[in-house]
Amino acid sequence: MMIELLEPLIPVLRRYARSLLRDRTAADDLVQDCLERAIAHWNQRRVDGDTRRWVFTILHNLAMTELKRRSTRSPDIDVESAENWLSTPPSQEDGLHHRALLRALEALPEDQRAVILLVSIEDLSYADAARILDVPIGTVMSRLSRAREKLLKSIREMPAEPAGRSHLRRVK
C-alpha cells in the first residue's frame, strides 16, 4: 500500500526538487531523503489525509533547510561540473528561449517560484499549495499573481525571432 502511494510521486518530486535546488544531484539526494523520511514516519501521517500533499510538504521543508544551509556556506564545485561549464556545445535558438525562460523562473524570489511550481507545474490547488508552504491561501494567490506578472514581463523582454524565422516549422 505504501509503495503504491509513493512510487507514482517520484517523478513529480524530482521535478519540484530540481526546480528548487537547481542541482540535479542534490535534488535526487533530497528526494531520497524525503522518501526515507516518509517511509520512516508513515505511521504518523493522517490515514484520511492526502499523501501527495504530505510528501510534498516533507520535500519542501527539506529543500528550505538545504537552501538555508547553502546560503551560509560557499558552494562546492567538483571537477566534472567545472568541465561542463567550461565547454558547452552550440545551442539551438529554441534552446536559448527555453533557457531564458528557465532563467526568468530562477530569478523569481524563492517564495514566488515555489508557488508557481506547485500550482502551475505540479497542478496542485491553491489550498494544497497553501498547506504545503504553511501560508494562508491569500498569500498563495498574491505570490502566484506577482510571479506570473514577472514571468510575463521577462517573456516580453526576450529577443524577437530573427526575420524570416518562425516558431512553427514546416513538415513535409
# chains A, B, ... in the order shown; residues from 1 in each chain; ligands from 1
call {"tool": "residues_around", "arguments": {"residues": "Asp33 in chain A", "least_positions_apart": "3", "cutoff": "12 Å", "atoms": "only C-alpha atoms", "output": "compact mmCIF listing (two decimals) with N, CA, C and O atoms, in the first residue's frame"}}
result
# COMPACT_ATOMS: atom_id res chain seq x y z
N ILE A 10 7.37 9.96 -7.35
CA ILE A 10 8.81 10.18 -7.51
C ILE A 10 9.14 11.14 -8.65
O ILE A 10 9.90 12.09 -8.45
N LEU A 13 8.16 14.69 -7.62
CA LEU A 13 9.03 15.15 -6.53
C LEU A 13 10.40 15.54 -7.07
O LEU A 13 10.96 16.57 -6.67
N ARG A 14 10.94 14.74 -7.98
CA ARG A 14 12.25 15.06 -8.58
C ARG A 14 12.18 16.38 -9.34
O ARG A 14 13.08 17.20 -9.25
N ALA A 17 11.99 19.22 -6.81
CA ALA A 17 13.27 19.38 -6.10
C ALA A 17 14.32 20.00 -7.02
O ALA A 17 15.08 20.89 -6.60
N ALA A 26 21.90 17.07 -6.14
CA ALA A 26 21.36 17.45 -4.83
C ALA A 26 19.85 17.21 -4.77
O ALA A 26 19.32 16.80 -3.73
N ALA A 27 19.16 17.45 -5.89
CA ALA A 27 17.72 17.22 -5.93
C ALA A 27 17.39 15.74 -5.77
O ALA A 27 16.46 15.38 -5.05
N ASP A 28 18.16 14.89 -6.45
CA ASP A 28 17.93 13.45 -6.31
C ASP A 28 18.19 12.99 -4.88
O ASP A 28 17.44 12.17 -4.34
N ASP A 29 19.23 13.53 -4.26
CA ASP A 29 19.51 13.21 -2.85
C ASP A 29 18.36 13.69 -1.96
O ASP A 29 17.96 12.99 -1.02
N LEU A 30 17.84 14.86 -2.27
CA LEU A 30 16.74 15.42 -1.48
C LEU A 30 15.49 14.54 -1.59
O LEU A 30 14.82 14.27 -0.59
N GLU A 36 12.78 8.53 2.34
CA GLU A 36 13.20 7.84 3.56
C GLU A 36 12.41 8.36 4.76
O GLU A 36 11.95 7.57 5.60
N ARG A 37 12.27 9.67 4.83
CA ARG A 37 11.54 10.26 5.95
C ARG A 37 10.07 9.87 5.90
O ARG A 37 9.45 9.57 6.93
N ALA A 38 9.48 9.87 4.71
CA ALA A 38 8.07 9.49 4.57
C ALA A 38 7.85 8.04 5.00
O ALA A 38 6.88 7.73 5.70
N ILE A 39 8.75 7.15 4.59
CA ILE A 39 8.62 5.74 4.96
C ILE A 39 8.83 5.57 6.46
O ILE A 39 8.07 4.85 7.13
N ALA A 40 9.83 6.25 7.01
CA ALA A 40 10.11 6.12 8.45
C ALA A 40 8.97 6.64 9.31
O ALA A 40 8.72 6.14 10.40
N VAL A 55 3.71 14.34 1.39
CA VAL A 55 5.06 14.10 0.90
C VAL A 55 5.66 15.39 0.32
O VAL A 55 6.84 15.68 0.53
N ILE A 58 6.92 17.47 3.16
CA ILE A 58 8.21 16.96 3.65
C ILE A 58 9.33 17.44 2.72
O ILE A 58 10.35 17.97 3.17
N LEU A 59 9.13 17.27 1.41
CA LEU A 59 10.15 17.67 0.44
C LEU A 59 10.43 19.17 0.50
O LEU A 59 11.58 19.60 0.51
N HIS A 60 9.38 19.96 0.56
CA HIS A 60 9.54 21.41 0.62
C HIS A 60 10.33 21.84 1.87
O HIS A 60 11.25 22.65 1.78
N ASN A 61 9.98 21.27 3.00
CA ASN A 61 10.68 21.62 4.24
C ASN A 61 12.16 21.20 4.19
O ASN A 61 13.04 21.96 4.62
N LEU A 62 12.43 20.03 3.64
CA LEU A 62 13.82 19.60 3.48
C LEU A 62 14.57 20.53 2.53
O LEU A 62 15.74 20.88 2.77
N ALA A 63 13.91 20.94 1.44
CA ALA A 63 14.55 21.85 0.47
C ALA A 63 14.86 23.19 1.11
O ALA A 63 15.94 23.76 0.89
N GLU A 66 17.86 22.85 3.24
CA GLU A 66 19.06 22.75 2.41
C GLU A 66 19.46 24.12 1.84
O GLU A 66 20.64 24.47 1.82
call {"tool": "residues_around", "arguments": {"residues": "Ala130 in chain A", "least_positions_apart": "3", "cutoff": "12 Å", "atoms": "only C-alpha atoms", "output": "list in words"}}
result
Arg53, Phe56, Thr57, His60, Asp111, Ala114, Val115, Ile116, Leu118, Val119, Leu124, Ser125, Tyr126, Ala127, Leu133, Asp134, Val135, Pro136, Ile137, Gly138, Thr139, Val140, Met141, Ser142, Arg143 and Leu144 of chain A
call {"tool": "write_last_selection", "arguments": {"atoms": "N, CA, C and O atoms", "output": "JSON list (two decimals), in the first residue's frame"}}
result
[["chain", "number", "residue", "atom", "x", "y", "z"],
["A", 53, "ARG", "N", 0.12, 15.61, -0.79],
["A", 53, "ARG", "CA", 0.37, 16.88, -0.09],
["A", 53, "ARG", "C", 1.34, 16.67, 1.07],
["A", 53, "ARG", "O", 2.24, 17.48, 1.29],
["A", 56, "PHE", "N", 4.85, 16.19, -0.39],
["A", 56, "PHE", "CA", 5.34, 17.47, -0.90],
["A", 56, "PHE", "C", 5.75, 18.40, 0.24],
["A", 56, "PHE", "O", 6.73, 19.14, 0.12],
["A", 57, "THR", "N", 5.02, 18.36, 1.33],
["A", 57, "THR", "CA", 5.37, 19.19, 2.49],
["A", 57, "THR", "C", 6.72, 18.77, 3.06],
["A", 57, "THR", "O", 7.56, 19.61, 3.38],
["A", 60, "HIS", "N", 9.38, 19.96, 0.56],
["A", 60, "HIS", "CA", 9.54, 21.41, 0.62],
["A", 60, "HIS", "C", 10.33, 21.84, 1.87],
["A", 60, "HIS", "O", 11.25, 22.65, 1.78],
["A", 111, "ASP", "N", 9.93, 32.29, -2.63],
["A", 111, "ASP", "CA", 8.53, 32.09, -2.27],
["A", 111, "ASP", "C", 7.62, 32.11, -3.50],
["A", 111, "ASP", "O", 6.70, 31.31, -3.61],
["A", 114, "ALA", "N", 8.32, 28.84, -5.65],
["A", 114, "ALA", "CA", 7.70, 27.65, -5.05],
["A", 114, "ALA", "C", 6.21, 27.60, -5.36],
["A", 114, "ALA", "O", 5.68, 26.55, -5.72],
["A", 115, "VAL", "N", 5.53, 28.75, -5.27],
["A", 115, "VAL", "CA", 4.09, 28.78, -5.53],
["A", 115, "VAL", "C", 3.80, 28.47, -7.00],
["A", 115, "VAL", "O", 2.93, 27.66, -7.31],
["A", 116, "ILE", "N", 4.55, 29.09, -7.91],
["A", 116, "ILE", "CA", 4.26, 28.86, -9.33],
["A", 116, "ILE", "C", 4.58, 27.42, -9.73],
["A", 116, "ILE", "O", 3.88, 26.83, -10.55],
["A", 118, "LEU", "N", 4.35, 24.73, -7.69],
["A", 118, "LEU", "CA", 3.33, 23.86, -7.12],
["A", 118, "LEU", "C", 1.99, 23.99, -7.84],
["A", 118, "LEU", "O", 1.34, 22.98, -8.14],
["A", 119, "VAL", "N", 1.58, 25.22, -8.15],
["A", 119, "VAL", "CA", 0.26, 25.43, -8.74],
["A", 119, "VAL", "C", 0.28, 25.20, -10.25],
["A", 119, "VAL", "O", -0.57, 24.49, -10.79],
["A", 124, "LEU", "N", -1.24, 21.54, -8.34],
["A", 124, "LEU", "CA", -1.88, 21.47, -7.03],
["A", 124, "LEU", "C", -2.86, 22.62, -6.90],
["A", 124, "LEU", "O", -2.70, 23.68, -7.51],
["A", 125, "SER", "N", -3.88, 22.44, -6.08],
["A", 125, "SER", "CA", -4.84, 23.51, -5.83],
["A", 125, "SER", "C", -4.18, 24.59, -4.97],
["A", 125, "SER", "O", -3.15, 24.36, -4.33],
["A", 126, "TYR", "N", -4.78, 25.77, -4.95],
["A", 126, "TYR", "CA", -4.27, 26.85, -4.11],
["A", 126, "TYR", "C", -4.27, 26.40, -2.65],
["A", 126, "TYR", "O", -3.33, 26.68, -1.91],
["A", 127, "ALA", "N", -5.32, 25.69, -2.25],
["A", 127, "ALA", "CA", -5.43, 25.24, -0.85],
["A", 127, "ALA", "C", -4.31, 24.26, -0.51],
["A", 127, "ALA", "O", -3.69, 24.35, 0.56],
["A", 133, "LEU", "N", 3.13, 25.01, 1.87],
["A", 133, "LEU", "CA", 4.02, 26.12, 2.19],
["A", 133, "LEU", "C", 3.75, 26.72, 3.57],
["A", 133, "LEU", "O", 4.48, 27.61, 4.02],
["A", 134, "ASP", "N", 2.67, 26.27, 4.19],
["A", 134, "ASP", "CA", 2.28, 26.76, 5.51],
["A", 134, "ASP", "C", 2.05, 28.27, 5.52],
["A", 134, "ASP", "O", 2.59, 29.00, 6.35],
["A", 135, "VAL", "N", 1.25, 28.72, 4.54],
["A", 135, "VAL", "CA", 0.87, 30.13, 4.43],
["A", 135, "VAL", "C", -0.62, 30.19, 4.14],
["A", 135, "VAL", "O", -1.21, 29.21, 3.68],
["A", 136, "PRO", "N", -1.26, 31.34, 4.37],
["A", 136, "PRO", "CA", -2.68, 31.48, 4.03],
["A", 136, "PRO", "C", -2.90, 31.39, 2.52],
["A", 136, "PRO", "O", -2.01, 31.71, 1.73],
["A", 137, "ILE", "N", -4.10, 30.99, 2.12],
["A", 137, "ILE", "CA", -4.41, 30.84, 0.71],
["A", 137, "ILE", "C", -4.31, 32.18, -0.04],
["A", 137, "ILE", "O", -3.91, 32.22, -1.20],
["A", 138, "GLY", "N", -4.63, 33.28, 0.64],
["A", 138, "GLY", "CA", -4.50, 34.60, 0.02],
["A", 138, "GLY", "C", -3.05, 34.92, -0.32],
["A", 138, "GLY", "O", -2.75, 35.57, -1.34],
["A", 139, "THR", "N", -2.13, 34.46, 0.51],
["A", 139, "THR", "CA", -0.70, 34.66, 0.24],
["A", 139, "THR", "C", -0.29, 33.88, -0.99],
["A", 139, "THR", "O", 0.47, 34.37, -1.82],
["A", 140, "VAL", "N", -0.81, 32.66, -1.13],
["A", 140, "VAL", "CA", -0.52, 31.86, -2.32],
["A", 140, "VAL", "C", -1.02, 32.60, -3.56],
["A", 140, "VAL", "O", -0.30, 32.71, -4.56],
["A", 141, "MET", "N", -2.23, 33.14, -3.50],
["A", 141, "MET", "CA", -2.80, 33.82, -4.66],
["A", 141, "MET", "C", -2.01, 35.07, -5.01],
["A", 141, "MET", "O", -1.73, 35.32, -6.20],
["A", 142, "SER", "N", -1.58, 35.84, -4.02],
["A", 142, "SER", "CA", -0.83, 37.06, -4.33],
["A", 142, "SER", "C", 0.58, 36.73, -4.84],
["A", 142, "SER", "O", 1.07, 37.36, -5.78],
["A", 143, "ARG", "N", 1.23, 35.72, -4.26],
["A", 143, "ARG", "CA", 2.55, 35.32, -4.75],
["A", 143, "ARG", "C", 2.47, 34.80, -6.17],
["A", 143, "ARG", "O", 3.32, 35.08, -7.01],
["A", 144, "LEU", "N", 1.43, 34.03, -6.46],
["A", 144, "LEU", "CA", 1.24, 33.49, -7.79],
["A", 144, "LEU", "C", 1.01, 34.61, -8.80],
["A", 144, "LEU", "O", 1.57, 34.62, -9.89]]
call {"tool": "residues_around", "arguments": {"residues": "Pro8 in chain A", "least_positions_apart": "4", "cutoff": "12 Å", "atoms": "only C-alpha atoms", "output": "list in words"}}
result
Met2, Ile3, Glu4, Val12, Leu13, Arg14, Leu35, Thr51, Arg52 and Val55 of chain A
call {"tool": "write_last_selection", "arguments": {"atoms": "N, CA and C atoms", "output": "mmCIF file, in the first residue's frame"}}
result
data_model
loop_
_atom_site.group_PDB
_atom_site.id
_atom_site.type_symbol
_atom_site.label_atom_id
_atom_site.label_comp_id
_atom_site.auth_asym_id
_atom_site.auth_seq_id
_atom_site.Cartn_x
_atom_site.Cartn_y
_atom_site.Cartn_z
ATOM 1 N N MET A 2 1.883 1.287 0.869
ATOM 2 C CA MET A 2 2.743 2.465 0.969
ATOM 3 C C MET A 2 3.471 2.685 -0.349
ATOM 4 N N ILE A 3 4.030 1.632 -0.926
ATOM 5 C CA ILE A 3 4.791 1.740 -2.170
ATOM 6 C C ILE A 3 3.884 2.211 -3.302
ATOM 7 N N GLU A 4 2.663 1.699 -3.375
ATOM 8 C CA GLU A 4 1.731 2.106 -4.430
ATOM 9 C C GLU A 4 1.385 3.584 -4.347
ATOM 10 N N VAL A 12 7.386 13.596 -10.035
ATOM 11 C CA VAL A 12 6.994 14.979 -9.735
ATOM 12 C C VAL A 12 7.801 15.542 -8.570
ATOM 13 N N LEU A 13 8.163 14.694 -7.624
ATOM 14 C CA LEU A 13 9.030 15.149 -6.527
ATOM 15 C C LEU A 13 10.396 15.541 -7.065
ATOM 16 N N ARG A 14 10.940 14.742 -7.985
ATOM 17 C CA ARG A 14 12.246 15.062 -8.580
ATOM 18 C C ARG A 14 12.182 16.384 -9.343
ATOM 19 N N LEU A 35 11.784 10.573 0.697
ATOM 20 C CA LEU A 35 11.130 9.259 0.700
ATOM 21 C C LEU A 35 11.508 8.444 1.931
ATOM 22 N N THR A 51 -1.872 11.954 0.757
ATOM 23 C CA THR A 51 -0.477 11.503 0.794
ATOM 24 C C THR A 51 0.405 12.410 -0.047
ATOM 25 N N ARG A 52 -0.070 12.827 -1.219
ATOM 26 C CA ARG A 52 0.727 13.685 -2.101
ATOM 27 C C ARG A 52 1.098 14.990 -1.397
ATOM 28 N N VAL A 55 3.706 14.343 1.394
ATOM 29 C CA VAL A 55 5.062 14.104 0.904
ATOM 30 C C VAL A 55 5.662 15.389 0.323
#
call {"tool": "select_by_dssp", "arguments": {"residues": "range 101-160 of chain A", "states": "helix (DSSP H, G or I)", "output": "ChimeraX atom specification"}}
result
/A:101-107,110-121,126-133,137-156
call {"tool": "closest_residue", "arguments": {"among": "A:Arg148, A:Arg156, A:Arg131, A:Arg113", "to": "Ser19 in chain A", "atoms": "only C-alpha atoms"}}
result
A:Arg113
call {"tool": "closest_residue", "arguments": {"among": "A:Met1, A:Glu122, A:Leu102, A:Ala129", "to": "Val47 in chain A", "atoms": "only C-alpha atoms"}}
result
A:Met1
call {"tool": "atom_distance", "arguments": {"atom1": "CA of Gly49 in chain A", "atom2": "CA of Asp128 in chain A"}}
result
11.4 Å
call {"tool": "closest_residue", "arguments": {"among": "A:Arg22, A:Lys68, A:Arg46, A:His41", "to": "Ala107 in chain A", "atoms": "only C-alpha atoms"}}
result
A:Arg22
call {"tool": "residues_around", "arguments": {"residues": "Ser154 in chain A", "least_positions_apart": "4", "cutoff": "10 Å", "atoms": "only C-alpha atoms", "output": "PyMOL selection string"}}
result
chain A and resi 100-101+103-105+107+148-150+158
call {"tool": "closest_residue", "arguments": {"among": "A:Thr65, A:Gln32, A:Thr25, A:Leu20", "to": "Gln112 in chain A", "atoms": "only C-alpha atoms"}}
result
A:Leu20
call {"tool": "closest_residue", "arguments": {"among": "A:Asp48, A:Arg24, A:Ser120, A:His98", "to": "Ser145 in chain A", "atoms": "only C-alpha atoms"}}
result
A:Ser120
call {"tool": "decode", "arguments": {"residues": "range 123-135 of chain A", "atoms": "all heavy atoms", "output": "mmCIF file, in the first residue's frame"}}
result
data_model
loop_
_atom_site.group_PDB
_atom_site.id
_atom_site.type_symbol
_atom_site.label_atom_id
_atom_site.label_comp_id
_atom_site.auth_asym_id
_atom_site.auth_seq_id
_atom_site.Cartn_x
_atom_site.Cartn_y
_atom_site.Cartn_z
ATOM 1 N N ASP A 123 0.349 21.206 -10.642
ATOM 2 C CA ASP A 123 -1.112 21.199 -10.737
ATOM 3 C C ASP A 123 -1.803 20.966 -9.393
ATOM 4 O O ASP A 123 -2.812 20.274 -9.313
ATOM 5 C CB ASP A 123 -1.560 20.152 -11.761
ATOM 6 C CG ASP A 123 -2.944 20.429 -12.300
ATOM 7 O OD1 ASP A 123 -3.326 21.618 -12.362
ATOM 8 O OD2 ASP A 123 -3.653 19.467 -12.655
ATOM 9 N N LEU A 124 -1.236 21.545 -8.344
ATOM 10 C CA LEU A 124 -1.882 21.469 -7.031
ATOM 11 C C LEU A 124 -2.864 22.621 -6.900
ATOM 12 O O LEU A 124 -2.702 23.681 -7.511
ATOM 13 C CB LEU A 124 -0.844 21.557 -5.914
ATOM 14 C CG LEU A 124 0.107 20.367 -5.788
ATOM 15 C CD1 LEU A 124 1.162 20.649 -4.732
ATOM 16 C CD2 LEU A 124 -0.650 19.101 -5.442
ATOM 17 N N SER A 125 -3.875 22.443 -6.082
ATOM 18 C CA SER A 125 -4.837 23.512 -5.835
ATOM 19 C C SER A 125 -4.182 24.592 -4.974
ATOM 20 O O SER A 125 -3.152 24.357 -4.334
ATOM 21 C CB SER A 125 -6.067 22.960 -5.122
ATOM 22 O OG SER A 125 -5.729 22.574 -3.797
ATOM 23 N N TYR A 126 -4.784 25.768 -4.953
ATOM 24 C CA TYR A 126 -4.275 26.847 -4.105
ATOM 25 C C TYR A 126 -4.265 26.401 -2.648
ATOM 26 O O TYR A 126 -3.331 26.684 -1.909
ATOM 27 C CB TYR A 126 -5.138 28.103 -4.237
ATOM 28 C CG TYR A 126 -5.058 28.818 -5.558
ATOM 29 C CD1 TYR A 126 -4.250 28.381 -6.605
ATOM 30 C CD2 TYR A 126 -5.808 29.966 -5.777
ATOM 31 C CE1 TYR A 126 -4.181 29.052 -7.803
ATOM 32 C CE2 TYR A 126 -5.747 30.650 -6.988
ATOM 33 C CZ TYR A 126 -4.935 30.190 -7.990
ATOM 34 O OH TYR A 126 -4.867 30.855 -9.177
ATOM 35 N N ALA A 127 -5.324 25.694 -2.246
ATOM 36 C CA ALA A 127 -5.427 25.242 -0.850
ATOM 37 C C ALA A 127 -4.310 24.257 -0.510
ATOM 38 O O ALA A 127 -3.693 24.351 0.559
ATOM 39 C CB ALA A 127 -6.795 24.608 -0.608
ATOM 40 N N ASP A 128 -4.026 23.315 -1.420
ATOM 41 C CA ASP A 128 -2.951 22.354 -1.167
ATOM 42 C C ASP A 128 -1.601 23.057 -1.117
ATOM 43 O O ASP A 128 -0.768 22.759 -0.254
ATOM 44 C CB ASP A 128 -2.926 21.270 -2.241
ATOM 45 C CG ASP A 128 -4.075 20.278 -2.093
ATOM 46 O OD1 ASP A 128 -4.711 20.260 -1.022
ATOM 47 O OD2 ASP A 128 -4.332 19.533 -3.061
ATOM 48 N N ALA A 129 -1.357 23.981 -2.038
ATOM 49 C CA ALA A 129 -0.098 24.735 -2.031
ATOM 50 C C ALA A 129 0.039 25.524 -0.734
ATOM 51 O O ALA A 129 1.126 25.592 -0.146
ATOM 52 C CB ALA A 129 -0.021 25.665 -3.234
ATOM 53 N N ALA A 130 -1.052 26.108 -0.268
ATOM 54 C CA ALA A 130 -1.017 26.876 0.979
ATOM 55 C C ALA A 130 -0.649 25.975 2.156
ATOM 56 O O ALA A 130 0.147 26.364 3.018
ATOM 57 C CB ALA A 130 -2.369 27.548 1.223
ATOM 58 N N ARG A 131 -1.197 24.764 2.186
ATOM 59 C CA ARG A 131 -0.877 23.831 3.276
ATOM 60 C C ARG A 131 0.584 23.383 3.202
ATOM 61 O O ARG A 131 1.256 23.291 4.224
ATOM 62 C CB ARG A 131 -1.808 22.624 3.220
ATOM 63 C CG ARG A 131 -3.196 22.940 3.720
ATOM 64 C CD ARG A 131 -4.057 21.682 3.824
ATOM 65 N NE ARG A 131 -5.444 22.047 3.705
ATOM 66 C CZ ARG A 131 -6.196 21.856 2.627
ATOM 67 N NH1 ARG A 131 -5.712 21.265 1.573
ATOM 68 N NH2 ARG A 131 -7.452 22.231 2.603
ATOM 69 N N ILE A 132 1.071 23.101 1.989
ATOM 70 C CA ILE A 132 2.460 22.667 1.828
ATOM 71 C C ILE A 132 3.414 23.760 2.274
ATOM 72 O O ILE A 132 4.400 23.497 2.970
ATOM 73 C CB ILE A 132 2.742 22.265 0.357
ATOM 74 C CG1 ILE A 132 2.023 20.959 0.048
ATOM 75 C CG2 ILE A 132 4.237 22.149 0.081
ATOM 76 C CD1 ILE A 132 1.993 20.605 -1.427
ATOM 77 N N LEU A 133 3.134 25.006 1.874
ATOM 78 C CA LEU A 133 4.018 26.123 2.190
ATOM 79 C C LEU A 133 3.746 26.724 3.569
ATOM 80 O O LEU A 133 4.480 27.606 4.018
ATOM 81 C CB LEU A 133 3.886 27.204 1.113
ATOM 82 C CG LEU A 133 4.244 26.755 -0.306
ATOM 83 C CD1 LEU A 133 3.893 27.837 -1.307
ATOM 84 C CD2 LEU A 133 5.702 26.366 -0.395
ATOM 85 N N ASP A 134 2.668 26.275 4.189
ATOM 86 C CA ASP A 134 2.281 26.757 5.514
ATOM 87 C C ASP A 134 2.052 28.268 5.524
ATOM 88 O O ASP A 134 2.586 29.000 6.353
ATOM 89 C CB ASP A 134 3.330 26.363 6.560
ATOM 90 C CG ASP A 134 2.810 26.500 7.980
ATOM 91 O OD1 ASP A 134 1.576 26.389 8.174
ATOM 92 O OD2 ASP A 134 3.628 26.736 8.898
ATOM 93 N N VAL A 135 1.254 28.716 4.538
ATOM 94 C CA VAL A 135 0.871 30.129 4.431
ATOM 95 C C VAL A 135 -0.624 30.194 4.135
ATOM 96 O O VAL A 135 -1.211 29.210 3.682
ATOM 97 C CB VAL A 135 1.662 30.857 3.309
ATOM 98 C CG1 VAL A 135 3.142 30.906 3.628
ATOM 99 C CG2 VAL A 135 1.416 30.242 1.951
#
